[in-house]
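See below for data_8.cif, which holds mmCIF, C-alpha atoms.
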```cif
data_run
loop_
_atom_site.group_PDB
_atom_site.id
_atom_site.type_symbol
_atom_site.label_atom_id
_atom_site.label_comp_id
_atom_site.auth_asym_id
_atom_site.auth_seq_id
_atom_site.Cartn_x
_atom_site.Cartn_y
_atom_site.Cartn_z
ATOM 1 C CA MET A 229 56.026 -8.601 81.574
ATOM 2 C CA SER A 230 57.286 -11.703 79.751
ATOM 3 C CA GLU A 231 58.318 -14.768 81.683
ATOM 4 C CA LYS A 232 61.922 -15.943 81.255
ATOM 5 C CA ARG A 233 61.940 -19.270 79.408
ATOM 6 C CA PRO A 234 64.041 -22.213 80.625
ATOM 7 C CA THR A 235 67.199 -22.751 78.601
ATOM 8 C CA ILE A 236 69.917 -25.390 78.305
ATOM 9 C CA GLY A 237 73.525 -24.286 78.006
ATOM 10 C CA SER A 238 76.675 -26.094 76.978
ATOM 11 C CA SER A 239 77.630 -26.652 80.625
ATOM 12 C CA ASP A 240 74.327 -28.501 81.140
ATOM 13 C CA VAL A 241 74.886 -31.137 78.443
ATOM 14 C CA ALA A 242 77.011 -33.550 80.510
ATOM 15 C CA ALA A 243 74.449 -33.384 83.330
ATOM 16 C CA VAL A 244 71.516 -33.964 80.960
ATOM 17 C CA LEU A 245 73.297 -37.021 79.531
ATOM 18 C CA GLY A 246 74.098 -38.345 83.018
ATOM 19 C CA LEU A 247 77.856 -37.931 82.459
ATOM 20 C CA SER A 248 78.591 -35.210 85.012
ATOM 21 C CA PRO A 249 79.999 -36.225 88.414
ATOM 22 C CA TYR A 250 78.490 -33.038 89.883
ATOM 23 C CA ARG A 251 74.923 -32.758 88.535
ATOM 24 C CA GLY A 252 72.273 -34.875 86.877
ATOM 25 C CA PRO A 253 69.309 -34.342 84.542
ATOM 26 C CA PHE A 254 66.998 -33.438 87.442
ATOM 27 C CA ASP A 255 69.379 -30.675 88.585
ATOM 28 C CA VAL A 256 69.241 -29.073 85.127
ATOM 29 C CA TRP A 257 65.456 -29.321 84.986
ATOM 30 C CA ALA A 258 65.063 -27.912 88.524
ATOM 31 C CA ARG A 259 67.413 -24.960 87.839
ATOM 32 C CA ALA A 260 65.578 -24.167 84.606
ATOM 33 C CA HIS A 261 62.319 -24.007 86.565
ATOM 34 C CA GLY A 262 63.703 -22.037 89.534
ATOM 35 C CA ILE A 263 63.586 -24.963 91.985
ATOM 36 C CA PRO A 264 66.480 -25.069 94.508
ATOM 37 C CA VAL A 265 68.499 -28.292 94.440
ATOM 38 C CA ARG A 266 70.954 -29.850 96.857
ATOM 39 C CA GLY A 267 74.437 -28.428 96.287
ATOM 40 C CA GLY A 268 73.065 -25.329 94.587
ATOM 41 C CA GLY A 269 74.343 -25.949 91.069
ATOM 42 C CA ASP A 270 74.638 -22.223 90.362
ATOM 43 C CA SER A 271 76.442 -21.332 93.589
ATOM 44 C CA ASP A 272 79.749 -19.504 93.238
ATOM 45 C CA SER A 273 82.177 -22.055 94.650
ATOM 46 C CA ASP A 274 85.902 -21.577 95.226
ATOM 47 C CA ALA A 275 86.578 -23.825 92.216
ATOM 48 C CA MET A 276 84.336 -21.692 89.977
ATOM 49 C CA ARG A 277 85.987 -18.452 91.138
ATOM 50 C CA ARG A 278 89.463 -19.977 90.665
ATOM 51 C CA GLY A 279 88.551 -21.018 87.123
ATOM 52 C CA ARG A 280 87.291 -17.556 86.179
ATOM 53 C CA LEU A 281 90.402 -15.883 87.640
ATOM 54 C CA ALA A 282 92.742 -18.271 85.781
ATOM 55 C CA GLU A 283 90.841 -17.992 82.490
ATOM 56 C CA ALA A 284 92.620 -14.927 81.034
ATOM 57 C CA GLY A 285 96.084 -16.371 81.642
ATOM 58 C CA LEU A 286 95.109 -19.787 80.322
ATOM 59 C CA ARG A 287 93.556 -18.178 77.232
ATOM 60 C CA GLU A 288 96.798 -16.298 76.523
ATOM 61 C CA TRP A 289 98.882 -19.458 77.076
ATOM 62 C CA ALA A 290 96.631 -21.522 74.783
ATOM 63 C CA ALA A 291 96.758 -18.894 72.015
ATOM 64 C CA GLN A 292 100.559 -18.885 72.084
ATOM 65 C CA ARG A 293 100.830 -22.663 72.244
ATOM 66 C CA LEU A 294 98.289 -23.255 69.451
ATOM 67 C CA GLY A 295 99.401 -20.335 67.272
ATOM 68 C CA VAL A 296 95.920 -18.833 66.999
ATOM 69 C CA LYS A 297 94.247 -15.636 68.134
ATOM 70 C CA LEU A 298 91.657 -16.036 70.896
ATOM 71 C CA ILE A 299 88.964 -13.369 71.181
ATOM 72 C CA PRO A 300 87.366 -13.334 74.668
ATOM 73 C CA GLY A 301 83.702 -14.314 74.851
ATOM 74 C CA PRO A 302 81.099 -12.388 76.849
ATOM 75 C CA ALA A 303 81.900 -11.579 80.468
ATOM 76 C CA TYR A 304 80.563 -14.004 83.071
ATOM 77 C CA ALA A 305 78.194 -11.363 84.441
ATOM 78 C CA GLU A 306 76.592 -10.846 81.014
ATOM 79 C CA GLU A 307 73.609 -12.857 79.856
ATOM 80 C CA PRO A 308 74.562 -15.980 77.877
ATOM 81 C CA TRP A 309 74.098 -15.801 74.143
ATOM 82 C CA THR A 310 71.050 -17.563 72.782
ATOM 83 C CA ALA A 311 71.606 -19.772 69.770
ATOM 84 C CA PRO A 312 69.570 -18.991 66.674
ATOM 85 C CA ASP A 313 67.065 -21.782 67.176
ATOM 86 C CA PRO A 314 63.338 -21.243 66.642
ATOM 87 C CA ASP A 315 62.359 -22.192 70.206
ATOM 88 C CA GLY A 316 65.054 -20.131 71.968
ATOM 89 C CA TRP A 317 66.043 -22.820 74.486
ATOM 90 C CA LEU A 318 69.743 -23.112 73.599
ATOM 91 C CA ARG A 319 72.236 -20.740 75.201
ATOM 92 C CA TYR A 320 75.994 -20.499 75.453
ATOM 93 C CA ARG A 321 78.790 -18.350 76.816
ATOM 94 C CA PRO A 322 82.043 -19.384 75.090
ATOM 95 C CA ASP A 323 85.251 -18.589 76.959
ATOM 96 C CA ALA A 324 86.728 -17.425 73.653
ATOM 97 C CA TRP A 325 86.409 -17.554 69.883
ATOM 98 C CA TRP A 326 89.496 -18.618 67.997
ATOM 99 C CA THR A 327 90.697 -17.450 64.634
ATOM 100 C CA THR A 328 93.874 -17.625 62.601
ATOM 101 C CA HIS A 329 93.121 -14.250 60.968
ATOM 102 C CA TYR A 330 94.760 -11.128 62.344
ATOM 103 C CA SER A 331 92.987 -8.492 60.259
ATOM 104 C CA ALA A 332 90.199 -6.026 60.986
ATOM 105 C CA ALA A 333 87.761 -8.498 59.415
ATOM 106 C CA GLU A 334 88.484 -11.296 61.880
ATOM 107 C CA GLN A 335 86.531 -14.422 61.140
ATOM 108 C CA ARG A 336 85.511 -16.500 64.134
ATOM 109 C CA ILE A 337 86.071 -20.132 63.245
ATOM 110 C CA GLY A 338 85.937 -21.990 66.502
ATOM 111 C CA VAL A 339 84.982 -21.915 70.146
ATOM 112 C CA CYS A 340 87.501 -22.253 72.968
ATOM 113 C CA GLU A 341 86.317 -23.631 76.307
ATOM 114 C CA ILE A 342 88.745 -23.311 79.203
ATOM 115 C CA LYS A 343 88.386 -25.714 82.130
ATOM 116 C CA THR A 344 90.451 -26.182 85.289
ATOM 117 C CA SER A 345 90.624 -29.035 87.762
ATOM 118 C CA ASP A 346 92.220 -29.634 91.124
ATOM 119 C CA THR A 347 93.216 -33.195 90.155
ATOM 120 C CA TRP A 348 94.799 -35.033 87.213
ATOM 121 C CA GLU A 349 92.471 -37.991 87.765
ATOM 122 C CA GLY A 350 90.292 -38.893 84.788
ATOM 123 C CA TRP A 351 92.216 -36.814 82.224
ATOM 124 C CA GLY A 352 94.218 -39.690 80.668
ATOM 125 C CA GLU A 353 97.879 -39.906 79.777
ATOM 126 C CA ASP A 354 99.654 -36.790 78.522
ATOM 127 C CA GLY A 355 98.973 -36.354 74.802
ATOM 128 C CA SER A 356 96.017 -38.761 74.795
ATOM 129 C CA ASP A 357 92.345 -38.115 74.099
ATOM 130 C CA GLY A 358 91.210 -39.640 77.338
#
```

Before we go any further, please render this structure as structure tokens.
Amino acid sequence: MSEKRPTIGSSDVAAVLGLSPYRGPFDVWARAHGIPVRGGGDSDSDAMRRGRLAEAGLREWAAQRLGVKLIPGPAYAEEPWTAPDPDGWLRYRPDAWWTTHYSAAEQRIGVCEIKTSDTWEGWGEDGSDG
């Protein structure tokens, strides 16, 4: 039986860089090695459940507002996709792919990440980048 290798996903990047208010580099390392950490990190919190439940509606709203087609990514229960890197340590689970093509040969041109928050704090003025 092969041992599952530690991976780093897109949601881990802010923690690895020390930019996440919720987790730090040690939390990512500990999770990758199966070591429990304070606060869980992978626990299914109310905020996480709320975000997953709101995702389909937010995806539809974003597609209409942006004038693009959003193709849902893999379901949360599915394994994350592994990036084509030689060491196999990168993984991701995009909320959606976006495309402006509406044909049978849809070309995925971008990734859509959908996030929710229970506060406006830290998001900047409306229409700003920060």

Using only C-alpha atoms, the residue out of A:Leu294, A:Ser238, A:Gly350, A:Lys343 with shortest distance to A:Thr328 is A:Leu294

Evaluating the PyMOL selection byres ((chain A and resi 256) around 10) on the displayed file yields which residues, as a short mmCIF file (atom, residue, chain, number, x, y, z; two decimals) with C-alpha atoms, keeping the file's coordinate frame?
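Now in part.cif:
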```cif
data_model
loop_
_atom_site.label_atom_id
_atom_site.label_comp_id
_atom_site.auth_asym_id
_atom_site.auth_seq_id
_atom_site.Cartn_x
_atom_site.Cartn_y
_atom_site.Cartn_z
CA PRO A 234 64.04 -22.21 80.62
CA THR A 235 67.20 -22.75 78.60
CA ILE A 236 69.92 -25.39 78.31
CA GLY A 237 73.53 -24.29 78.01
CA SER A 239 77.63 -26.65 80.62
CA ASP A 240 74.33 -28.50 81.14
CA VAL A 241 74.89 -31.14 78.44
CA ALA A 243 74.45 -33.38 83.33
CA VAL A 244 71.52 -33.96 80.96
CA ARG A 251 74.92 -32.76 88.54
CA GLY A 252 72.27 -34.88 86.88
CA PRO A 253 69.31 -34.34 84.54
CA PHE A 254 67.00 -33.44 87.44
CA ASP A 255 69.38 -30.68 88.58
CA TRP A 257 65.46 -29.32 84.99
CA ALA A 258 65.06 -27.91 88.52
CA ARG A 259 67.41 -24.96 87.84
CA ALA A 260 65.58 -24.17 84.61
CA HIS A 261 62.32 -24.01 86.56
CA GLY A 262 63.70 -22.04 89.53
CA ILE A 263 63.59 -24.96 91.98
CA VAL A 265 68.50 -28.29 94.44
CA GLY A 269 74.34 -25.95 91.07
#
```

Of A:Ala291, A:Met276, A:Val296, A:Ile342, the one nearest to A:Asp323 when counting only C-alpha atoms is A:Ile342

Pairwise distance, atom CA of A:Asp346 with atom CA of A:Thr327, equals 29.2 Å

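Here the question is which of A:Pro302, A:Pro264, A:Arg321, A:Thr344 gets nearest to A:Gly285 using all atoms listed in the file, and that residue is A:Thr344.
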
* To do: Could you list the residues chosen by the PyMOL selection byres ((chain A and resi 298) around 8) in this structure as a list in words?
  =>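 Applied to this file, the PyMOL selection byres ((chain A and resi 298) around 8) selects Arg287, Glu288, Ala291, Val296, Lys297, Ile299, Pro300, Ala324, Trp325, Trp326, Thr327 and Cys340 of chain A.
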
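For the atom pair formed by atom CA of A:Ala303 and atom CA of A:Tyr320, the distance is 11.8 Å, given to one decimal.
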
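Atom CA of A:Val339 is found 6.3 Å from atom CA of A:Pro322.
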